[in-house]
>>> print(open('work.pdb').read())   # PDB, C-alpha atoms
ATOM      1  CA  GLN A   1       4.008  21.518  18.145  1.00  0.00           C
ATOM      2  CA  VAL A   2       2.960  18.025  17.208  1.00  0.00           C
ATOM      3  CA  GLN A   3       3.613  17.199  13.581  1.00  0.00           C
ATOM      4  CA  LEU A   4       3.098  14.112  11.428  1.00  0.00           C
ATOM      5  CA  VAL A   5       4.664  14.030   7.969  1.00  0.00           C
ATOM      6  CA  GLU A   6       3.862  11.161   5.626  1.00  0.00           C
ATOM      7  CA  SER A   7       5.862  10.358   2.492  1.00  0.00           C
ATOM      8  CA  GLY A   8       6.616   7.596   0.013  1.00  0.00           C
ATOM      9  CA  GLY A   9       3.409   7.415  -1.943  1.00  0.00           C
ATOM     10  CA  GLY A  10       3.181   7.309  -5.700  1.00  0.00           C
ATOM     11  CA  LEU A  11       1.713   5.649  -8.764  1.00  0.00           C
ATOM     12  CA  VAL A  12       2.299   1.916  -9.094  1.00  0.00           C
ATOM     13  CA  GLN A  13       0.873  -0.911 -11.151  1.00  0.00           C
ATOM     14  CA  ALA A  14      -1.208  -3.627  -9.547  1.00  0.00           C
ATOM     15  CA  GLY A  15       1.072  -6.189  -7.934  1.00  0.00           C
ATOM     16  CA  GLY A  16       3.727  -3.597  -7.206  1.00  0.00           C
ATOM     17  CA  SER A  17       5.157  -2.341  -3.921  1.00  0.00           C
ATOM     18  CA  LEU A  18       5.627   0.908  -2.047  1.00  0.00           C
ATOM     19  CA  ARG A  19       7.120   1.828   1.302  1.00  0.00           C
ATOM     20  CA  LEU A  20       5.528   4.672   3.221  1.00  0.00           C
ATOM     21  CA  SER A  21       7.211   6.621   6.000  1.00  0.00           C
ATOM     22  CA  CYS A  22       5.758   8.765   8.780  1.00  0.00           C
ATOM     23  CA  ALA A  23       8.028  11.155  10.637  1.00  0.00           C
ATOM     24  CA  ALA A  24       6.595  12.273  13.961  1.00  0.00           C
ATOM     25  CA  SER A  25       7.732  15.182  16.097  1.00  0.00           C
ATOM     26  CA  GLY A  26       6.603  17.345  18.988  1.00  0.00           C
ATOM     27  CA  ARG A  27       5.747  14.504  21.327  1.00  0.00           C
ATOM     28  CA  THR A  28       7.336  11.350  22.699  1.00  0.00           C
ATOM     29  CA  PHE A  29       5.716   9.075  20.138  1.00  0.00           C
ATOM     30  CA  SER A  30       7.824   6.118  21.193  1.00  0.00           C
ATOM     31  CA  VAL A  31       5.379   5.459  24.041  1.00  0.00           C
ATOM     32  CA  TYR A  32       2.360   5.295  21.750  1.00  0.00           C
ATOM     33  CA  THR A  33       0.841   2.611  19.599  1.00  0.00           C
ATOM     34  CA  MET A  34       1.082   4.095  16.111  1.00  0.00           C
ATOM     35  CA  GLY A  35      -1.215   3.459  13.209  1.00  0.00           C
ATOM     36  CA  TRP A  36      -1.684   3.924   9.497  1.00  0.00           C
ATOM     37  CA  PHE A  37      -5.029   4.964   8.090  1.00  0.00           C
ATOM     38  CA  ARG A  38      -6.307   5.638   4.586  1.00  0.00           C
ATOM     39  CA  GLN A  39      -9.097   7.531   2.909  1.00  0.00           C
ATOM     40  CA  ALA A  40     -10.295   6.765  -0.590  1.00  0.00           C
ATOM     41  CA  PRO A  41     -12.334   9.297  -2.594  1.00  0.00           C
ATOM     42  CA  GLY A  42     -15.887   9.479  -1.313  1.00  0.00           C
ATOM     43  CA  LYS A  43     -15.196   7.156   1.611  1.00  0.00           C
ATOM     44  CA  GLU A  44     -14.559   7.494   5.323  1.00  0.00           C
ATOM     45  CA  ARG A  45     -11.049   7.295   6.692  1.00  0.00           C
ATOM     46  CA  GLU A  46     -10.324   3.715   7.712  1.00  0.00           C
ATOM     47  CA  PHE A  47      -7.809   1.863   9.837  1.00  0.00           C
ATOM     48  CA  VAL A  48      -5.061  -0.006   7.984  1.00  0.00           C
ATOM     49  CA  ALA A  49      -2.445  -1.158  10.481  1.00  0.00           C
ATOM     50  CA  ALA A  50      -1.020  -0.449  13.934  1.00  0.00           C
ATOM     51  CA  ILE A  51       2.099  -1.262  15.907  1.00  0.00           C
ATOM     52  CA  SER A  52       2.650  -1.224  19.660  1.00  0.00           C
ATOM     53  CA  TRP A  53       5.187   1.112  21.248  1.00  0.00           C
ATOM     54  CA  SER A  54       7.809  -1.638  21.422  1.00  0.00           C
ATOM     55  CA  GLY A  55       7.055  -3.046  18.001  1.00  0.00           C
ATOM     56  CA  GLY A  56       6.222  -6.372  19.569  1.00  0.00           C
ATOM     57  CA  SER A  57       2.592  -6.390  18.488  1.00  0.00           C
ATOM     58  CA  THR A  58       1.079  -5.515  15.147  1.00  0.00           C
ATOM     59  CA  TYR A  59      -2.509  -5.290  13.962  1.00  0.00           C
ATOM     60  CA  TYR A  60      -3.924  -5.227  10.442  1.00  0.00           C
ATOM     61  CA  ALA A  61      -7.207  -4.666   8.712  1.00  0.00           C
ATOM     62  CA  ASP A  62      -8.396  -7.849   7.045  1.00  0.00           C
ATOM     63  CA  SER A  63      -8.138  -6.192   3.643  1.00  0.00           C
ATOM     64  CA  VAL A  64      -4.351  -5.769   3.922  1.00  0.00           C
ATOM     65  CA  LYS A  65      -3.363  -8.714   6.090  1.00  0.00           C
ATOM     66  CA  GLY A  66      -0.560 -10.719   4.492  1.00  0.00           C
ATOM     67  CA  ARG A  67       0.312  -7.916   2.055  1.00  0.00           C
ATOM     68  CA  PHE A  68       1.248  -4.950   4.266  1.00  0.00           C
ATOM     69  CA  THR A  69       3.821  -4.812   7.049  1.00  0.00           C
ATOM     70  CA  ILE A  70       4.050  -2.048   9.640  1.00  0.00           C
ATOM     71  CA  SER A  71       7.288  -1.314  11.485  1.00  0.00           C
ATOM     72  CA  ARG A  72       8.840   1.491  13.496  1.00  0.00           C
ATOM     73  CA  ASP A  73      12.163   3.000  14.481  1.00  0.00           C
ATOM     74  CA  ASN A  74      11.721   4.781  17.808  1.00  0.00           C
ATOM     75  CA  ALA A  75      15.197   6.295  17.638  1.00  0.00           C
ATOM     76  CA  LYS A  76      14.084   8.116  14.492  1.00  0.00           C
ATOM     77  CA  ASN A  77      10.476   8.714  15.604  1.00  0.00           C
ATOM     78  CA  THR A  78       9.443   7.117  12.316  1.00  0.00           C
ATOM     79  CA  VAL A  79       6.821   4.555  11.394  1.00  0.00           C
ATOM     80  CA  TYR A  80       6.857   2.624   8.124  1.00  0.00           C
ATOM     81  CA  LEU A  81       4.322   0.758   6.035  1.00  0.00           C
ATOM     82  CA  GLN A  82       5.656  -1.725   3.511  1.00  0.00           C
ATOM     83  CA  MET A  83       2.933  -2.426   0.974  1.00  0.00           C
ATOM     84  CA  ASN A  84       3.288  -5.402  -1.355  1.00  0.00           C
ATOM     85  CA  SER A  85       0.951  -6.984  -3.893  1.00  0.00           C
ATOM     86  CA  LEU A  86      -0.881  -3.715  -4.230  1.00  0.00           C
ATOM     87  CA  LYS A  87      -4.397  -3.716  -5.648  1.00  0.00           C
ATOM     88  CA  PRO A  88      -6.428  -0.930  -7.287  1.00  0.00           C
ATOM     89  CA  GLU A  89      -8.661  -0.883  -4.192  1.00  0.00           C
ATOM     90  CA  ASP A  90      -5.634   0.210  -2.125  1.00  0.00           C
ATOM     91  CA  THR A  91      -5.766   3.569  -3.905  1.00  0.00           C
ATOM     92  CA  ALA A  92      -6.188   6.249  -1.238  1.00  0.00           C
ATOM     93  CA  VAL A  93      -4.454   8.961   0.721  1.00  0.00           C
ATOM     94  CA  TYR A  94      -2.521   7.334   3.558  1.00  0.00           C
ATOM     95  CA  TYR A  95      -2.093   8.980   6.962  1.00  0.00           C
ATOM     96  CA  CYS A  96      -0.413   8.096  10.228  1.00  0.00           C
ATOM     97  CA  ASN A  97      -1.470   8.923  13.760  1.00  0.00           C
ATOM     98  CA  THR A  98      -1.477   7.307  17.140  1.00  0.00           C
ATOM     99  CA  GLN A  99      -3.889   4.425  17.498  1.00  0.00           C
ATOM    100  CA  PRO A 100      -6.451   5.408  18.531  1.00  0.00           C
ATOM    101  CA  PRO A 101      -5.887   8.805  16.920  1.00  0.00           C
ATOM    102  CA  THR A 102      -4.966  11.511  19.422  1.00  0.00           C
ATOM    103  CA  VAL A 103      -3.276  14.057  17.169  1.00  0.00           C
ATOM    104  CA  THR A 104      -6.139  16.296  16.112  1.00  0.00           C
ATOM    105  CA  SER A 105      -4.203  17.982  13.308  1.00  0.00           C
ATOM    106  CA  TRP A 106      -3.619  15.170  10.823  1.00  0.00           C
ATOM    107  CA  GLY A 107      -0.719  15.376   8.405  1.00  0.00           C
ATOM    108  CA  GLN A 108      -1.180  16.049   4.713  1.00  0.00           C
ATOM    109  CA  GLY A 109      -1.027  12.360   3.938  1.00  0.00           C
ATOM    110  CA  THR A 110       0.636  10.674   0.981  1.00  0.00           C
ATOM    111  CA  GLN A 111      -1.248   9.632  -2.138  1.00  0.00           C
ATOM    112  CA  VAL A 112      -1.066   6.030  -3.263  1.00  0.00           C
ATOM    113  CA  THR A 113      -2.520   5.231  -6.671  1.00  0.00           C
ATOM    114  CA  VAL A 114      -2.598   1.663  -7.959  1.00  0.00           C
ATOM    115  CA  SER A 115      -3.387   1.191 -11.631  1.00  0.00           C
ATOM    116  CA  SER A 116      -4.951  -1.994 -12.967  1.00  0.00           C
TER
END
>>> encode(input="work.pdb", output="structure tokens")
Amino acid sequence: QVQLVESGGGLVQAGGSLRLSCAASGRTFSVYTMGWFRQAPGKEREFVAAISWSGGSTYYADSVKGRFTISRDNAKNTVYLQMNSLKPEDTAVYYCNTQPPTVTSWGQGTQVTVSS
């Protein structure tokens, strides 16, 4: 059974940092490009960042470029998102999936709340 479990969210002041983790199981995720996505209240889920299977290529939404860094550890089947210089508009539930998303049952996500 394919499972994605996100963790590491929390409440942080603007300008602060958080590191999210996504533990994947049930499939050989090391061959996939993996991505982070987020959904703010009342908004559609949006792409945040992605990383190729080898980690050699990364992609970012313009809104997070220069502040967020995606990485992965294929030995641990885990993807990370280091978020620095957080802004109130980064407040959302953060999810991981392949990029493009192929796991139909998304994880529960992890809540990130940035106070001003």
>>> resolve_selection(input="work.pdb", expression="the PyMOL selection byres ((chain A and resi 16-31) around 10)", output="VMD selection string")
chain A and resid 1 to 15 32 to 36 52 to 55 67 to 87 94 to 98 103 107 109 to 112 114 to 115
>>> write_last_selection(input="work.pdb", atoms="C-alpha atoms", output="short mmCIF file (atom, residue, chain, number, x, y, z; two decimals), keeping the file's coordinate frame")
data_model
loop_
_atom_site.label_atom_id
_atom_site.label_comp_id
_atom_site.auth_asym_id
_atom_site.auth_seq_id
_atom_site.Cartn_x
_atom_site.Cartn_y
_atom_site.Cartn_z
CA GLN A 1 4.01 21.52 18.14
CA VAL A 2 2.96 18.02 17.21
CA GLN A 3 3.61 17.20 13.58
CA LEU A 4 3.10 14.11 11.43
CA VAL A 5 4.66 14.03 7.97
CA GLU A 6 3.86 11.16 5.63
CA SER A 7 5.86 10.36 2.49
CA GLY A 8 6.62 7.60 0.01
CA GLY A 9 3.41 7.42 -1.94
CA GLY A 10 3.18 7.31 -5.70
CA LEU A 11 1.71 5.65 -8.76
CA VAL A 12 2.30 1.92 -9.09
CA GLN A 13 0.87 -0.91 -11.15
CA ALA A 14 -1.21 -3.63 -9.55
CA GLY A 15 1.07 -6.19 -7.93
CA TYR A 32 2.36 5.30 21.75
CA THR A 33 0.84 2.61 19.60
CA MET A 34 1.08 4.10 16.11
CA GLY A 35 -1.22 3.46 13.21
CA TRP A 36 -1.68 3.92 9.50
CA SER A 52 2.65 -1.22 19.66
CA TRP A 53 5.19 1.11 21.25
CA SER A 54 7.81 -1.64 21.42
CA GLY A 55 7.06 -3.05 18.00
CA ARG A 67 0.31 -7.92 2.06
CA PHE A 68 1.25 -4.95 4.27
CA THR A 69 3.82 -4.81 7.05
CA ILE A 70 4.05 -2.05 9.64
CA SER A 71 7.29 -1.31 11.48
CA ARG A 72 8.84 1.49 13.50
CA ASP A 73 12.16 3.00 14.48
CA ASN A 74 11.72 4.78 17.81
CA ALA A 75 15.20 6.30 17.64
CA LYS A 76 14.08 8.12 14.49
CA ASN A 77 10.48 8.71 15.60
CA THR A 78 9.44 7.12 12.32
CA VAL A 79 6.82 4.56 11.39
CA TYR A 80 6.86 2.62 8.12
CA LEU A 81 4.32 0.76 6.04
CA GLN A 82 5.66 -1.72 3.51
CA MET A 83 2.93 -2.43 0.97
CA ASN A 84 3.29 -5.40 -1.36
CA SER A 85 0.95 -6.98 -3.89
CA LEU A 86 -0.88 -3.72 -4.23
CA LYS A 87 -4.40 -3.72 -5.65
CA TYR A 94 -2.52 7.33 3.56
CA TYR A 95 -2.09 8.98 6.96
CA CYS A 96 -0.41 8.10 10.23
CA ASN A 97 -1.47 8.92 13.76
CA THR A 98 -1.48 7.31 17.14
CA VAL A 103 -3.28 14.06 17.17
CA GLY A 107 -0.72 15.38 8.40
CA GLY A 109 -1.03 12.36 3.94
CA THR A 110 0.64 10.67 0.98
CA GLN A 111 -1.25 9.63 -2.14
CA VAL A 112 -1.07 6.03 -3.26
CA VAL A 114 -2.60 1.66 -7.96
CA SER A 115 -3.39 1.19 -11.63
#
>>> atom_distance(input="work.pdb", atom1="atom CA of A:Asp90", atom2="atom CA of A:Arg38")
8.7 Å
>>> atom_distance(input="work.pdb", atom1="atom CA of A:Thr113", atom2="atom CA of A:Ala50")
21.4 Å
>>> atom_distance(input="work.pdb", atom1="atom CA of A:Ser63", atom2="atom CA of A:Pro101")
20.2 Å
>>> residues_around(input="work.pdb", residues="A:Lys65", least_positions_apart="4", cutoff="10 Å", atoms="only C-alpha atoms", output="PyMOL selection string")
chain A and resi 48-49+59-61+69
>>> build_atoms(input="work.pdb", residues="stretch 70-101 of chain A", atoms="N, CA and C atoms", output="mmCIF file, in the frame of the given file")
data_model
loop_
_atom_site.group_PDB
_atom_site.id
_atom_site.type_symbol
_atom_site.label_atom_id
_atom_site.label_comp_id
_atom_site.auth_asym_id
_atom_site.auth_seq_id
_atom_site.Cartn_x
_atom_site.Cartn_y
_atom_site.Cartn_z
ATOM 1 N N ILE A 70 3.759 -3.286 8.923
ATOM 2 C CA ILE A 70 4.050 -2.048 9.640
ATOM 3 C C ILE A 70 5.274 -2.271 10.523
ATOM 4 N N SER A 71 6.108 -1.249 10.625
ATOM 5 C CA SER A 71 7.288 -1.314 11.485
ATOM 6 C C SER A 71 7.578 0.086 12.004
ATOM 7 N N ARG A 72 8.514 0.172 12.938
ATOM 8 C CA ARG A 72 8.840 1.491 13.496
ATOM 9 C C ARG A 72 10.294 1.530 13.940
ATOM 10 N N ASP A 73 10.820 2.743 13.972
ATOM 11 C CA ASP A 73 12.163 3.000 14.481
ATOM 12 C C ASP A 73 12.015 4.123 15.503
ATOM 13 N N ASN A 74 11.965 3.772 16.771
ATOM 14 C CA ASN A 74 11.721 4.781 17.808
ATOM 15 C C ASN A 74 12.865 5.781 17.922
ATOM 16 N N ALA A 75 14.061 5.368 17.590
ATOM 17 C CA ALA A 75 15.197 6.295 17.638
ATOM 18 C C ALA A 75 15.022 7.422 16.623
ATOM 19 N N LYS A 76 14.306 7.120 15.544
ATOM 20 C CA LYS A 76 14.084 8.116 14.492
ATOM 21 C C LYS A 76 12.676 8.700 14.548
ATOM 22 N N ASN A 77 11.868 8.262 15.521
ATOM 23 C CA ASN A 77 10.476 8.714 15.604
ATOM 24 C C ASN A 77 9.762 8.530 14.266
ATOM 25 N N THR A 78 9.975 7.388 13.653
ATOM 26 C CA THR A 78 9.443 7.117 12.316
ATOM 27 C C THR A 78 8.728 5.772 12.294
ATOM 28 N N VAL A 79 7.601 5.765 11.599
ATOM 29 C CA VAL A 79 6.821 4.555 11.394
ATOM 30 C C VAL A 79 6.773 4.275 9.894
ATOM 31 N N TYR A 80 6.835 3.022 9.533
ATOM 32 C CA TYR A 80 6.857 2.624 8.124
ATOM 33 C C TYR A 80 5.683 1.717 7.795
ATOM 34 N N LEU A 81 5.322 1.707 6.528
ATOM 35 C CA LEU A 81 4.322 0.758 6.035
ATOM 36 C C LEU A 81 4.823 0.200 4.713
ATOM 37 N N GLN A 82 5.239 -1.045 4.730
ATOM 38 C CA GLN A 82 5.656 -1.725 3.511
ATOM 39 C C GLN A 82 4.414 -2.348 2.883
ATOM 40 N N MET A 83 4.135 -1.963 1.655
ATOM 41 C CA MET A 83 2.933 -2.426 0.974
ATOM 42 C C MET A 83 3.338 -3.238 -0.248
ATOM 43 N N ASN A 84 2.998 -4.501 -0.236
ATOM 44 C CA ASN A 84 3.288 -5.402 -1.355
ATOM 45 C C ASN A 84 1.994 -5.889 -1.993
ATOM 46 N N SER A 85 2.116 -6.445 -3.176
ATOM 47 C CA SER A 85 0.951 -6.984 -3.893
ATOM 48 C C SER A 85 -0.199 -5.991 -3.911
ATOM 49 N N LEU A 86 0.116 -4.774 -4.264
ATOM 50 C CA LEU A 86 -0.881 -3.715 -4.230
ATOM 51 C C LEU A 86 -2.002 -3.970 -5.230
ATOM 52 N N LYS A 87 -3.200 -3.549 -4.838
ATOM 53 C CA LYS A 87 -4.397 -3.716 -5.648
ATOM 54 C C LYS A 87 -4.998 -2.341 -5.937
ATOM 55 N N PRO A 88 -5.783 -2.221 -6.997
ATOM 56 C CA PRO A 88 -6.428 -0.930 -7.287
ATOM 57 C C PRO A 88 -7.257 -0.416 -6.105
ATOM 58 N N GLU A 89 -7.852 -1.312 -5.329
ATOM 59 C CA GLU A 89 -8.661 -0.883 -4.192
ATOM 60 C C GLU A 89 -7.825 -0.339 -3.032
ATOM 61 N N ASP A 90 -6.502 -0.415 -3.127
ATOM 62 C CA ASP A 90 -5.634 0.210 -2.125
ATOM 63 C C ASP A 90 -5.415 1.693 -2.419
ATOM 64 N N THR A 91 -5.900 2.162 -3.550
ATOM 65 C CA THR A 91 -5.766 3.569 -3.905
ATOM 66 C C THR A 91 -6.445 4.448 -2.865
ATOM 67 N N ALA A 92 -5.680 5.381 -2.298
ATOM 68 C CA ALA A 92 -6.188 6.249 -1.238
ATOM 69 C C ALA A 92 -5.079 7.202 -0.814
ATOM 70 N N VAL A 93 -5.444 8.154 0.020
ATOM 71 C CA VAL A 93 -4.454 8.961 0.721
ATOM 72 C C VAL A 93 -4.185 8.268 2.059
ATOM 73 N N TYR A 94 -2.922 8.049 2.354
ATOM 74 C CA TYR A 94 -2.521 7.334 3.558
ATOM 75 C C TYR A 94 -1.999 8.314 4.610
ATOM 76 N N TYR A 95 -2.448 8.120 5.839
ATOM 77 C CA TYR A 95 -2.093 8.980 6.962
ATOM 78 C C TYR A 95 -1.568 8.118 8.121
ATOM 79 N N CYS A 96 -0.795 8.757 8.979
ATOM 80 C CA CYS A 96 -0.413 8.096 10.228
ATOM 81 C C CYS A 96 -0.926 8.933 11.398
ATOM 82 N N ASN A 97 -1.052 8.274 12.516
ATOM 83 C CA ASN A 97 -1.470 8.923 13.760
ATOM 84 C C ASN A 97 -1.241 7.912 14.867
ATOM 85 N N THR A 98 -1.476 8.310 16.088
ATOM 86 C CA THR A 98 -1.477 7.307 17.140
ATOM 87 C C THR A 98 -2.712 6.433 16.924
ATOM 88 N N GLN A 99 -2.736 5.290 17.566
ATOM 89 C CA GLN A 99 -3.889 4.425 17.498
ATOM 90 C C GLN A 99 -4.339 4.116 18.918
ATOM 91 N N PRO A 100 -5.537 4.599 19.318
ATOM 92 C CA PRO A 100 -6.451 5.408 18.531
ATOM 93 C C PRO A 100 -5.899 6.806 18.282
ATOM 94 N N PRO A 101 -6.430 7.482 17.282
ATOM 95 C CA PRO A 101 -5.887 8.805 16.920
ATOM 96 C C PRO A 101 -6.039 9.820 18.048
#
